[in-house]
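Peer 1: This structure is in structure tokens; I'll ask about it shortly.
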Amino acid sequence: MADTATTTNKMTARGVNVFYGEKQAIQNVSIDVDLENVTAFIGPSGCGKSTFLRTLNRMNDTVASARVEGRITLDGEDIYGSAMDVVQLRARVGMVFQKPNPFPKSIYENIAYGPRIHGLASGKADLDQIVEKSLRRAGLWEEVKDRLNDSGTALSGGQQQRLCIGRAIAVEPEVILMDEPCSALDPIATAKIEELILELRGNYAIVIVTHNMQQAARVSQRTAFFHLGRLVEQGPTTEIFTNPRKERTKDYITGRYG
Amino acid sequence: MTGMMIVMIIVALALIGWIVARARATRLGIEAGRLATNSRPSQHGWYVALWTALPALAFLAVWANVMPSLVLDSVLTSPAAQSLPADDFSRGAILSEAGAIASGAQTAAFNPQSMSLVEPYRAAYGRYSTIGAVLAAILAFACGAYAFSRVRPSFTARNRVERVVMWTLLLASLIAIITTAGIVASLLFESLRFFSMVNPLDFLLGLKWSPQSAAMGYGNEDAFGAVPLFWGTIFIGAIIAMIVAIPLGLMSAIYLTQYAKPRTRKWMKPMLEVLAGVPTVVYGYFAALTVAPALRNLAAGIGIPGASSESALAAGLVMGVMIIPFVSSMADDSIAAVPQSMRDGSLAMGATTSETIRRVLIPAALPGVVGGVLLAVSRAIGETMIVVMAAGLAANMTLNPFASVTTVTTQMVQLLTGDQEFDSAKTLAAFALGLVLFIVTLLLNIVALRVVKKYREAYE
């Protein structure tokens, strides 16, 4: 494959196993995430794609029984190594969740949350600027600029999700992980988020978990197919969708199961 | 015939009604398991049994209340009653003694005159209880027969029995409400008597409280200004106790929900809740015998004037400890009710656990916490044992926590214990204080429950 030579690998996973107690959820997954491409994880429910996504910013640490083996690096640094600070890791690897989860604060405060805790703004004016920039990038500025003090939870579902993306962007992460970001949204809101993902591509390494094969085809350039906790196949999205090498991938993509 | 026996007879009649009605329903072709008839045979049985028992038992309950006055009337018309003394007090004493001997509660008479009334009493008592029993039995039989006559396939006994169940349950829930209403009514009534003697404004706004001064010879006028009591109550219950309980309760809730491992939580939470089960009198001992002397010595040691062996601080501190489980368990519930996605969202931004708690969880849980605190305050100001034992009796208006203050509940205990006549302002003042306390805690509870409810809706 030529792309490993021409692109910069932001994150690399090698031989990753994830256990929940005795149960193994992920088996021996190796994958690269690069800066230029949007990477999509597809696969049937329960295949481990979300679990694997959560290992990339160590959100599985919040689950007491979870255990991760293998090596995952961000810019060559082992994220499970003793030198890595999980707080800093999560600031560098942002996350957008399946269900929009704005904080019960104002729109402004939702965006300002990250910059405030990480001390990114040097003053009120600076913070205002970060908030505006993040909302613009999240494609929400025009809709909310006159009501920044309204509660974030009062927005529509699609707006809430864009607010969450804006919140993640506000701390200038290097990687954004999206866990089925559109599964709770209607088609119009979904289209807006997809548009946004395409715009964000190139500035951030983006990984998106999705159930929706059309969505993977529309927004991603690389696709990884998970099944039963294993990575079955990965490659350029067009290849996976038009000419899968593995029978199981083909069956899933053509809708024979899953 | 004793009351117990007639009740048993009615129950027996009901049982017979149940068996007979069930048999009749079966004979009429009502079969269990056939959907064409509304009710199963046993439901017809229940219908008849309820009709047999309930009206008769209700009648007995009414009769038990009416009978004493009927018996008394009949005794008073007897020839022996003509010689009773005219004055109400000795007349009443003799009558009640005779009644007690007649019913077997007392064996020997203190006043020989009452012996002459025992016989009329016994006769009247026997007569009226027989009348009542017979009437009840007739009623049971008549109602049972009426219900029995209605047993037929098309009769909807099942729905009617269901309705009785509903009314029974409603009655059960009404009892608590009616009791509350009764308490309020008695408080109101006695308070009104008090306020006819003492101006309500003097009571609510007056700064001098000394209800016993006339009796003790300090002056010729009692003073009923309750403001020092209100202040003492607020000082101990709403200020000192809350300064202890809010931070400690909140912090222990945060530890238990956010930091503690499941295993730690498993034993620590019940341990904390045990605090709530300790009888308040034990806290009172602790406050009066351990905390208060230690505080007085401390205050004397660092030269704080006015240090007393019964101090607001001692009572408040111990009360605060007592309240911790309330605050902690309410806060625990409200923090746990904040969706996990909020916490994940914050952690995924690179916030630490304590930043997440401070900036997301607490603000989101705040209404629930506030509700819990209000409930805790309402409990603290109504708390009695600790303040009776540790806070003192001096109605001081002071900001010095080492000084002695008194509270509404302490004064109520003082006013109502011992021998009291129930028509002096001094005793009735206790009811007025009780009314104020009741209204304040009621309002606090209403507000608290509203806040909590509103907050729950926000996340559903």
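Scheme for the structure tokens: letters A, B, ... for chains in order shown; per-chain residue numbers from 1; ligand numbers from 1 in order shown.
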Name the residues in contact with Thr153 in chain A at a cut-off of 12 Å, using only C-alpha atoms, excluding same-chain residues fewer than 5 positions from it; report them as a CSV table (one decimal) with all heavy atoms, in the first residue's frame.

Peer 2:
chain,number,residue,atom,x,y,z
A,100,PRO,N,-25.8,13.5,21.8
A,100,PRO,CA,-25.2,14.8,22.2
A,100,PRO,C,-25.2,15.0,23.7
A,100,PRO,O,-26.3,14.7,24.3
A,100,PRO,CB,-26.2,15.8,21.5
A,100,PRO,CG,-26.9,15.0,20.4
A,100,PRO,CD,-26.9,13.5,20.9
A,101,ASN,N,-24.1,15.4,24.2
A,101,ASN,CA,-24.1,15.6,25.7
A,101,ASN,C,-23.6,17.0,26.1
A,101,ASN,O,-22.6,17.1,26.8
A,101,ASN,CB,-23.3,14.5,26.4
A,101,ASN,CG,-21.9,14.4,25.9
A,101,ASN,OD1,-21.5,15.1,24.9
A,101,ASN,ND2,-21.0,13.7,26.6
A,102,PRO,N,-24.2,18.0,25.6
A,102,PRO,CA,-23.8,19.3,26.1
A,102,PRO,C,-24.0,19.4,27.6
A,102,PRO,O,-24.9,18.8,28.2
A,102,PRO,CB,-24.7,20.3,25.4
A,102,PRO,CG,-26.0,19.5,25.1
A,102,PRO,CD,-25.5,18.1,24.8
A,103,PHE,N,-23.1,20.2,28.3
A,103,PHE,CA,-23.3,20.4,29.7
A,103,PHE,C,-24.5,21.3,29.9
A,103,PHE,O,-24.8,22.2,29.1
A,103,PHE,CB,-22.0,21.1,30.3
A,103,PHE,CG,-20.8,20.3,30.1
A,103,PHE,CD1,-19.6,20.9,29.6
A,103,PHE,CD2,-20.7,19.0,30.4
A,103,PHE,CE1,-18.5,20.2,29.4
A,103,PHE,CE2,-19.6,18.2,30.2
A,103,PHE,CZ,-18.5,18.9,29.7
A,104,PRO,N,-25.1,21.2,31.1
A,104,PRO,CA,-26.3,22.1,31.4
A,104,PRO,C,-25.8,23.5,31.7
A,104,PRO,O,-26.0,24.0,32.8
A,104,PRO,CB,-27.0,21.4,32.5
A,104,PRO,CG,-26.0,20.5,33.2
A,104,PRO,CD,-25.0,20.2,32.1
A,105,LYS,N,-25.1,24.1,30.8
A,105,LYS,CA,-24.6,25.4,30.9
A,105,LYS,C,-24.9,26.2,29.6
A,105,LYS,O,-25.5,25.6,28.7
A,105,LYS,CB,-23.1,25.4,31.0
A,105,LYS,CG,-22.5,24.7,32.2
A,105,LYS,CD,-21.0,24.5,32.0
A,105,LYS,CE,-20.3,23.8,33.2
A,105,LYS,NZ,-20.1,24.6,34.3
A,106,SER,N,-24.6,27.5,29.6
A,106,SER,CA,-24.9,28.2,28.4
A,106,SER,C,-24.0,27.7,27.2
A,106,SER,O,-23.0,27.0,27.4
A,106,SER,CB,-24.6,29.7,28.6
A,106,SER,OG,-23.2,29.9,28.7
A,107,ILE,N,-24.4,28.1,26.0
A,107,ILE,CA,-23.7,27.8,24.8
A,107,ILE,C,-22.2,28.2,24.9
A,107,ILE,O,-21.3,27.5,24.7
A,107,ILE,CB,-24.4,28.4,23.6
A,107,ILE,CG1,-25.8,27.8,23.4
A,107,ILE,CG2,-23.5,28.2,22.3
A,107,ILE,CD1,-26.6,28.5,22.4
A,108,TYR,N,-22.1,29.5,25.4
A,108,TYR,CA,-20.8,30.0,25.5
A,108,TYR,C,-19.9,29.2,26.5
A,108,TYR,O,-18.8,28.8,26.2
A,108,TYR,CB,-20.9,31.5,26.1
A,108,TYR,CG,-19.6,32.2,26.2
A,108,TYR,CD1,-19.1,33.1,25.2
A,108,TYR,CD2,-18.8,32.1,27.3
A,108,TYR,CE1,-18.0,33.7,25.3
A,108,TYR,CE2,-17.6,32.7,27.4
A,108,TYR,CZ,-17.2,33.6,26.4
A,108,TYR,OH,-16.0,34.3,26.5
A,109,GLU,N,-20.5,28.9,27.6
A,109,GLU,CA,-19.8,28.1,28.7
A,109,GLU,C,-19.4,26.7,28.2
A,109,GLU,O,-18.4,26.2,28.6
A,109,GLU,CB,-20.6,28.1,30.0
A,109,GLU,CG,-20.6,29.4,30.7
A,109,GLU,CD,-19.2,29.8,31.1
A,109,GLU,OE1,-18.3,29.0,31.5
A,109,GLU,OE2,-18.9,31.1,31.1
A,110,ASN,N,-20.3,26.1,27.4
A,110,ASN,CA,-20.0,24.8,26.9
A,110,ASN,C,-18.7,24.8,26.1
A,110,ASN,O,-17.8,24.0,26.2
A,110,ASN,CB,-21.1,24.3,26.0
A,110,ASN,CG,-22.1,23.4,26.7
A,110,ASN,OD1,-21.8,22.2,26.9
A,110,ASN,ND2,-23.2,23.9,27.1
A,158,GLY,N,-29.4,18.2,16.5
A,158,GLY,CA,-28.3,18.4,15.6
A,158,GLY,C,-27.4,19.5,16.0
A,158,GLY,O,-26.2,19.5,15.9
A,159,GLN,N,-28.1,20.6,16.5
A,159,GLN,CA,-27.3,21.8,17.0
A,159,GLN,C,-26.4,21.4,18.2
A,159,GLN,O,-25.3,21.8,18.4
A,159,GLN,CB,-28.2,22.9,17.4
A,159,GLN,CG,-28.8,23.6,16.1
A,159,GLN,CD,-29.8,24.6,16.5
A,159,GLN,OE1,-30.6,24.4,17.5
A,159,GLN,NE2,-29.9,25.7,15.7
A,160,GLN,N,-27.1,20.5,19.1
A,160,GLN,CA,-26.3,20.1,20.3
A,160,GLN,C,-25.1,19.3,19.9
A,160,GLN,O,-24.0,19.5,20.4
A,160,GLN,CB,-27.2,19.2,21.1
A,160,GLN,CG,-28.3,19.9,21.9
A,160,GLN,CD,-29.0,19.0,22.9
A,160,GLN,OE1,-28.6,17.9,23.2
A,160,GLN,NE2,-30.1,19.5,23.4
A,161,GLN,N,-25.2,18.4,18.9
A,161,GLN,CA,-24.1,17.6,18.4
A,161,GLN,C,-23.0,18.5,17.9
A,161,GLN,O,-21.8,18.3,18.1
A,161,GLN,CB,-24.5,16.5,17.5
A,161,GLN,CG,-23.5,15.4,17.3
A,161,GLN,CD,-23.2,14.7,18.5
A,161,GLN,OE1,-22.7,15.2,19.5
A,161,GLN,NE2,-23.5,13.4,18.5
A,163,LEU,N,-22.6,21.6,18.7
A,163,LEU,CA,-22.0,22.2,19.9
A,163,LEU,C,-20.9,21.4,20.5
A,163,LEU,O,-19.9,21.8,20.9
A,163,LEU,CB,-23.1,22.6,20.9
A,163,LEU,CG,-22.7,23.3,22.1
A,163,LEU,CD1,-22.2,24.7,21.8
A,163,LEU,CD2,-23.8,23.4,23.1
A,164,CYS,N,-21.2,20.1,20.6
A,164,CYS,CA,-20.2,19.2,21.2
A,164,CYS,C,-19.0,19.1,20.3
A,164,CYS,O,-17.9,18.9,20.9
A,164,CYS,CB,-20.9,17.8,21.4
A,164,CYS,SG,-22.2,17.8,22.6
B,342,MET,N,-22.6,13.2,30.9
B,342,MET,CA,-22.0,14.5,31.3
B,342,MET,C,-20.6,14.3,31.7
B,342,MET,O,-19.7,15.0,31.4
B,342,MET,CB,-22.8,15.1,32.4
B,342,MET,CG,-24.2,15.5,32.1
B,342,MET,SD,-24.2,16.9,31.0
B,342,MET,CE,-25.6,16.4,30.0
B,364,ALA,N,-24.7,20.7,38.0
B,364,ALA,CA,-25.9,19.9,37.5
B,364,ALA,C,-26.7,19.3,38.6
B,364,ALA,O,-27.9,19.2,38.5
B,364,ALA,CB,-25.4,18.8,36.5
B,458,ALA,N,-35.8,17.4,34.8
B,458,ALA,CA,-34.9,18.0,33.8
B,458,ALA,C,-34.0,16.9,33.1
B,458,ALA,O,-33.6,17.0,32.0
B,458,ALA,CB,-34.0,19.0,34.5
B,459,TYR,N,-33.9,15.7,33.8
B,459,TYR,CA,-33.0,14.7,33.2
B,459,TYR,C,-33.8,13.5,32.8
B,459,TYR,O,-33.3,12.4,32.5
B,459,TYR,CB,-32.0,14.3,34.2
B,459,TYR,CG,-30.9,15.3,34.3
B,459,TYR,CD1,-30.6,16.0,35.5
B,459,TYR,CD2,-30.1,15.5,33.2
B,459,TYR,CE1,-29.6,16.9,35.5
B,459,TYR,CE2,-29.1,16.5,33.2
B,459,TYR,CZ,-28.9,17.2,34.4
B,459,TYR,OH,-27.9,18.1,34.5

Peer 1: Would you mind listing, for every residue of chain A within 8 Å of chain B, the two atoms forming the shortest contact and the distance between them in Å to one decimal, using only C-alpha atoms, sorted by chain and ascending residue number, as a tab-separated table?

Peer 2:
residue	atom	partner	partner_atom	distance
A:Asn57	CA	B:Ala348	CA	7.6
A:Met59	CA	B:Ala348	CA	7.0
A:Val86	CA	B:Gly350	CA	7.5
A:Val87	CA	B:Gly350	CA	4.4
A:Gln88	CA	B:Gly350	CA	6.1
A:Leu89	CA	B:Gly350	CA	7.1
A:Arg90	CA	B:Gly350	CA	4.5
A:Ala91	CA	B:Gly350	CA	4.6
A:Gly94	CA	B:Met349	CA	6.2
A:Met95	CA	B:Ala348	CA	5.9
A:Val96	CA	B:Gly345	CA	7.9
A:Phe97	CA	B:Gly345	CA	7.7
A:Asn101	CA	B:Ser341	CA	6.0
A:Pro102	CA	B:Met342	CA	7.3
A:Phe103	CA	B:Met342	CA	6.3
A:Pro104	CA	B:Ala364	CA	6.5
A:Gly114	CA	B:Met349	CA	6.0
A:Ile117	CA	B:Ala351	CA	6.7
A:Ala168	CA	B:Met349	CA	6.6
A:Val171	CA	B:Met349	CA	7.9

Peer 1: If I take CA of Val161 in chain B and CA of Val7 in chain B, how far is one from the other in Å, to one decimal?

Peer 2: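 Between CA of Val161 in chain B and CA of Val7 in chain B the gap works out to 21.3 Å.
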
Peer 1: Got a sec to tell me which of range 73-169 of chain B DSSP assigns to helix (DSSP H, G or I), as a ChimeraX atom specification?

Peer 2: /B:73-77,79-83,88-102,112-149,157-169

Peer 1: Mind listing the strand (DSSP E or B) residues of range 122-237 of chain B, per DSSP on the backbone, as a PyMOL selection string?

Peer 2: chain B and resi 209-210+223-224

Peer 1: Could you tell me which of A:Gln98, A:Thr55, A:Asn212, A:Thr8 comes closest to Arg67 in chain A if we count only C-alpha atoms?

Peer 2: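 With only C-alpha atoms as the atom set, the closest residue is A:Thr55.
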
Peer 1: Write out as a PyMOL selection string the residues lying within 10 Å of range 246-250 of chain A, counting only C-alpha atoms and excluding same-chain residues fewer than 4 positions away.

Peer 2: chain A and resi 42-43+224-227+232-234+240-242+254-257

Peer 1: So the first atom is CA of Asp78 in chain A and the second is CA of Leu56 in chain A; what is the distance between them in Å, to one decimal place?

Peer 2: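 Between CA of Asp78 in chain A and CA of Leu56 in chain A the gap is 10.8 Å.
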
Peer 1: Between CA of Ala432 in chain B and CA of Arg379 in chain B, what is the distance, to one decimal in Å?

Peer 2: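 Atom-to-atom, CA of Ala432 in chain B and CA of Arg379 in chain B are spaced 18.9 Å apart.
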
Peer 1: Between A:Glu36, A:Ser122, A:Gly48, A:Val175, which has the minimum distance to Asp75 in chain A (counting only C-alpha atoms)?

Peer 2: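 Closest candidate: A:Val175.
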